Amino acid sequence: MALLLGKKYSYSFMSASQRTVMADDSGLSGAPLGIAIAAISSFINGSTFVLQKKGILRSRNKGCSYLIDGVWCSGTLCMIIGQVGNFLAYNLAPAVIVTPLGALGVLFGAVLASWILEEHLNILGKLGCIICCCGSVVLIIHAPKAVETSREELEERLLDPVFVTYILLVVLLLITLIVWIAPAHGTSNIMVYVAICSLLGSFTVPGSKGLGLVAHDVFGEGPPNSRALALFLVLLGVLAVSILIQFFFINKALECFSSNIFEAIYYVTFTSTVIFASALLFKEWTELTVTDSLAMLCGLVTVCVGVILLRISQETVITWKEKKGQKKTD
């Protein structure tokens with residue numbers, strides 16, 4: 001296992017030409033491997049909210065902090081492992097395919113919640129699971145190929161006026177939400193915490209992919225490049241801060257709201273912001289044909305509808321039996 005992880009990390013630190021040669025020699029391209037890692041990470045991440053919610057409920061019954069609860073800590077450990085897997089996946093496959101595959105985690109989380117949290121999965125939920133799987137298959141089939149980007153290209157794109165304007169707007173919205181809106185309306189409106197965590201995805205995912213691009217200039221052979229080291233430290237700092245803020249507000253949301261509703265809305269909004277930010281920075285959509293673009297859009301919408309059905313089902317009672325005392329009408 002350690003050897004496998006070491007090979008994956010080494011792969012992400014290689015230059016574009018080295019990756020191409022390795023892919024040709026091994027017969028495996030980066031995108032399929034990234035998709036496989038993303039799928040595994042999604043299942044691990046799917047258990048995160050369920051275990052953390054269970055830990056919060058257990059700590060309330062015991063009258064102690066959930067920070068020392070074993071179940072909550074296990075959920076946090078799953079989150080860390082899942083994020084490591086996502087880091088590898090984002091450096092091997094386009095973000096526009098890795099992020100939507102998180103629907104597999106939502107599917108696994110629903111099944112796990114029916115067992116651990118005793119939440120019933122009715123016919124509408126099962127239909128949502130099938131729709132999620134179908135949408136994910138469409139996304140995988142029509143996914144764009146991974147575009148190799150050099151550090152110089154990354155630096156140029158980070159200073160692009162369109163991307164800089166987008167990041168400034170996101171930072172302004174985050175400051176407004178965290179400083180003024182969250183203290184007043186965070187516990188009564190679920191969209192406040194969802195918006196904060198989703199907007200932070202504009203930093204976490206591009207930051208993860210950017211670290212993999214810069215790492216080979218910092219840790220590769222020869223003396224380290226000072227500009228590369230500075231960019232690496234900046235991206236690492238941004239990634240660490242954004243993950244910690246996300247972690248804090250996710251647990252705040254789980255304390256106040258149903259994990260079912262939060263995860264459904266969070267998945268849809270997080271996926272949308274990540275795909276938009278990645279499209280602006282890495283321009284992965286340029287590799288798609290019109291047909292593939294429409295198929296990817298339909299696949300994303302299908303996955304989002306499936307996730308919404310999956311979570312709505314856990315708040316709705318559906319039965320095929322006729323109610324007692326109800327008279328049949330001709």
# chains A, B, ... in the order shown; residues from 1 in each chain; ligands from 1

call {"tool": "residues_around", "arguments": {"residues": "A:Glu155", "least_positions_apart": "5", "cutoff": "9 Å", "atoms": "only C-alpha atoms", "output": "list in words"}}
result
Ser150, Asp160 and Leu231 of chain A

call {"tool": "residues_around", "arguments": {"residues": "A:Leu112", "least_positions_apart": "3", "cutoff": "12 Å", "atoms": "only C-alpha atoms", "output": "list in words"}}
result
Phe43, Ile44, Asn45, Gly46, Ser47, Thr48, Phe49, Val50, Leu51, Lys53, Lys54, Gly105, Val106, Leu107, Phe108, Gly109, Trp115, Ile116, Leu117, Glu118, Glu119, His120, Leu121 and Asn260 of chain A

call {"tool": "residues_around", "arguments": {"residues": "A:Ile167", "least_positions_apart": "4", "cutoff": "9 Å", "atoms": "only C-alpha atoms", "output": "PyMOL selection string"}}
result
chain A and resi 162-163+171-172+202-203+277

call {"tool": "residues_around", "arguments": {"residues": "stretch 177-180 of chain A", "least_positions_apart": "5", "cutoff": "10 Å", "atoms": "only C-alpha atoms", "output": "ChimeraX atom specification"}}
result
/A:171-172,185-186,192-193,195-196,245,249

call {"tool": "closest_residue", "arguments": {"among": "A:Arg151, A:Lys252, A:Arg60, A:Lys126", "to": "A:Gly210", "atoms": "only C-alpha atoms"}}
result
A:Arg151

call {"tool": "closest_residue", "arguments": {"among": "A:Cys298, A:Cys129, A:Leu57, A:Ile97", "to": "A:Ala110", "atoms": "only C-alpha atoms"}}
result
A:Cys129

call {"tool": "residues_around", "arguments": {"residues": "A:Ala264", "least_positions_apart": "5", "cutoff": "9 Å", "atoms": "only C-alpha atoms", "output": "JSON, numbers by chain"}}
result
{"A": [106, 259, 269, 304, 307, 308, 309, 310, 311, 312]}

call {"tool": "write_last_selection", "arguments": {"atoms": "N, CA and C atoms", "output": "PDB file, in the first residue's frame"}}
result
ATOM      1  N   VAL A 106     -22.332   9.973  -2.388  1.00  0.00           N
ATOM      2  CA  VAL A 106     -23.677  10.264  -1.894  1.00  0.00           C
ATOM      3  C   VAL A 106     -24.513   8.992  -1.872  1.00  0.00           C
ATOM      4  N   SER A 259     -28.381  15.804   8.016  1.00  0.00           N
ATOM      5  CA  SER A 259     -27.257  15.493   7.129  1.00  0.00           C
ATOM      6  C   SER A 259     -27.746  15.146   5.722  1.00  0.00           C
ATOM      7  N   THR A 269     -24.188  22.234  -5.248  1.00  0.00           N
ATOM      8  CA  THR A 269     -23.562  23.558  -5.297  1.00  0.00           C
ATOM      9  C   THR A 269     -22.033  23.460  -5.350  1.00  0.00           C
ATOM     10  N   CYS A 304     -27.263  15.316 -10.564  1.00  0.00           N
ATOM     11  CA  CYS A 304     -27.837  16.242  -9.583  1.00  0.00           C
ATOM     12  C   CYS A 304     -29.294  15.879  -9.266  1.00  0.00           C
ATOM     13  N   VAL A 307     -29.298  12.799  -7.052  1.00  0.00           N
ATOM     14  CA  VAL A 307     -28.925  13.114  -5.673  1.00  0.00           C
ATOM     15  C   VAL A 307     -30.092  13.764  -4.934  1.00  0.00           C
ATOM     16  N   ILE A 308     -30.771  14.688  -5.609  1.00  0.00           N
ATOM     17  CA  ILE A 308     -31.919  15.362  -4.984  1.00  0.00           C
ATOM     18  C   ILE A 308     -33.025  14.364  -4.667  1.00  0.00           C
ATOM     19  N   LEU A 309     -33.310  13.449  -5.610  1.00  0.00           N
ATOM     20  CA  LEU A 309     -34.329  12.422  -5.359  1.00  0.00           C
ATOM     21  C   LEU A 309     -33.912  11.527  -4.198  1.00  0.00           C
ATOM     22  N   LEU A 310     -32.642  11.191  -4.163  1.00  0.00           N
ATOM     23  CA  LEU A 310     -32.129  10.314  -3.106  1.00  0.00           C
ATOM     24  C   LEU A 310     -32.338  10.911  -1.734  1.00  0.00           C
ATOM     25  N   ARG A 311     -32.100  12.203  -1.606  1.00  0.00           N
ATOM     26  CA  ARG A 311     -32.211  12.843  -0.307  1.00  0.00           C
ATOM     27  C   ARG A 311     -33.646  13.236   0.033  1.00  0.00           C
ATOM     28  N   ILE A 312     -34.425  13.638  -0.973  1.00  0.00           N
ATOM     29  CA  ILE A 312     -35.835  13.949  -0.717  1.00  0.00           C
ATOM     30  C   ILE A 312     -36.579  12.698  -0.250  1.00  0.00           C
TER      31      ILE A 312
END

call {"tool": "closest_residue", "arguments": {"among": "A:Val84, A:His142, A:Leu124, A:Ser198", "to": "A:Phe276", "atoms": "only C-alpha atoms"}}
result
A:Ser198

call {"tool": "atom_distance", "arguments": {"atom1": "atom CA of A:Leu77", "atom2": "atom CA of A:Phe247"}}
result
12.1 Å

call {"tool": "closest_residue", "arguments": {"among": "A:Ile68, A:Ile261, A:Cys132, A:Val98", "to": "A:Gly299", "atoms": "only C-alpha atoms"}}
result
A:Cys132

call {"tool": "select_by_dssp", "arguments": {"residues": "stretch 72-245 of chain A", "states": "helix (DSSP H, G or I)", "output": "number ranges by chain"}}
result
A: 72-90, 95-98, 100-116, 123-141, 151-158, 161-185, 190-219, 226-245

call {"tool": "closest_residue", "arguments": {"among": "A:Ala215, A:Leu244, A:Val164, A:Cys133", "to": "A:Ala103", "atoms": "only C-alpha atoms"}}
result
A:Cys133

call {"tool": "residues_around", "arguments": {"residues": "A:Leu67", "least_positions_apart": "3", "cutoff": "10 Å", "atoms": "only C-alpha atoms", "output": "list of chain:residue names"}}
result
A:Gln52, A:Gly55, A:Ile56, A:Ser59, A:Cys64, A:Gly70, A:Val71, A:Trp72, A:Cys73, A:Thr76

call {"tool": "write_last_selection", "arguments": {"atoms": "C-alpha atoms", "output": "CSV table (one decimal), in the first residue's frame"}}
result
chain,number,residue,atom,x,y,z
A,52,GLN,CA,-19.6,12.5,11.9
A,55,GLY,CA,-20.7,11.0,16.6
A,56,ILE,CA,-22.4,14.3,17.1
A,59,SER,CA,-21.9,13.1,22.1
A,64,CYS,CA,-19.7,15.7,26.0
A,70,GLY,CA,-14.5,7.8,18.5
A,71,VAL,CA,-17.1,7.6,15.8
A,72,TRP,CA,-16.7,11.2,14.9
A,73,CYS,CA,-12.9,10.8,14.8
A,76,THR,CA,-12.8,12.7,10.3
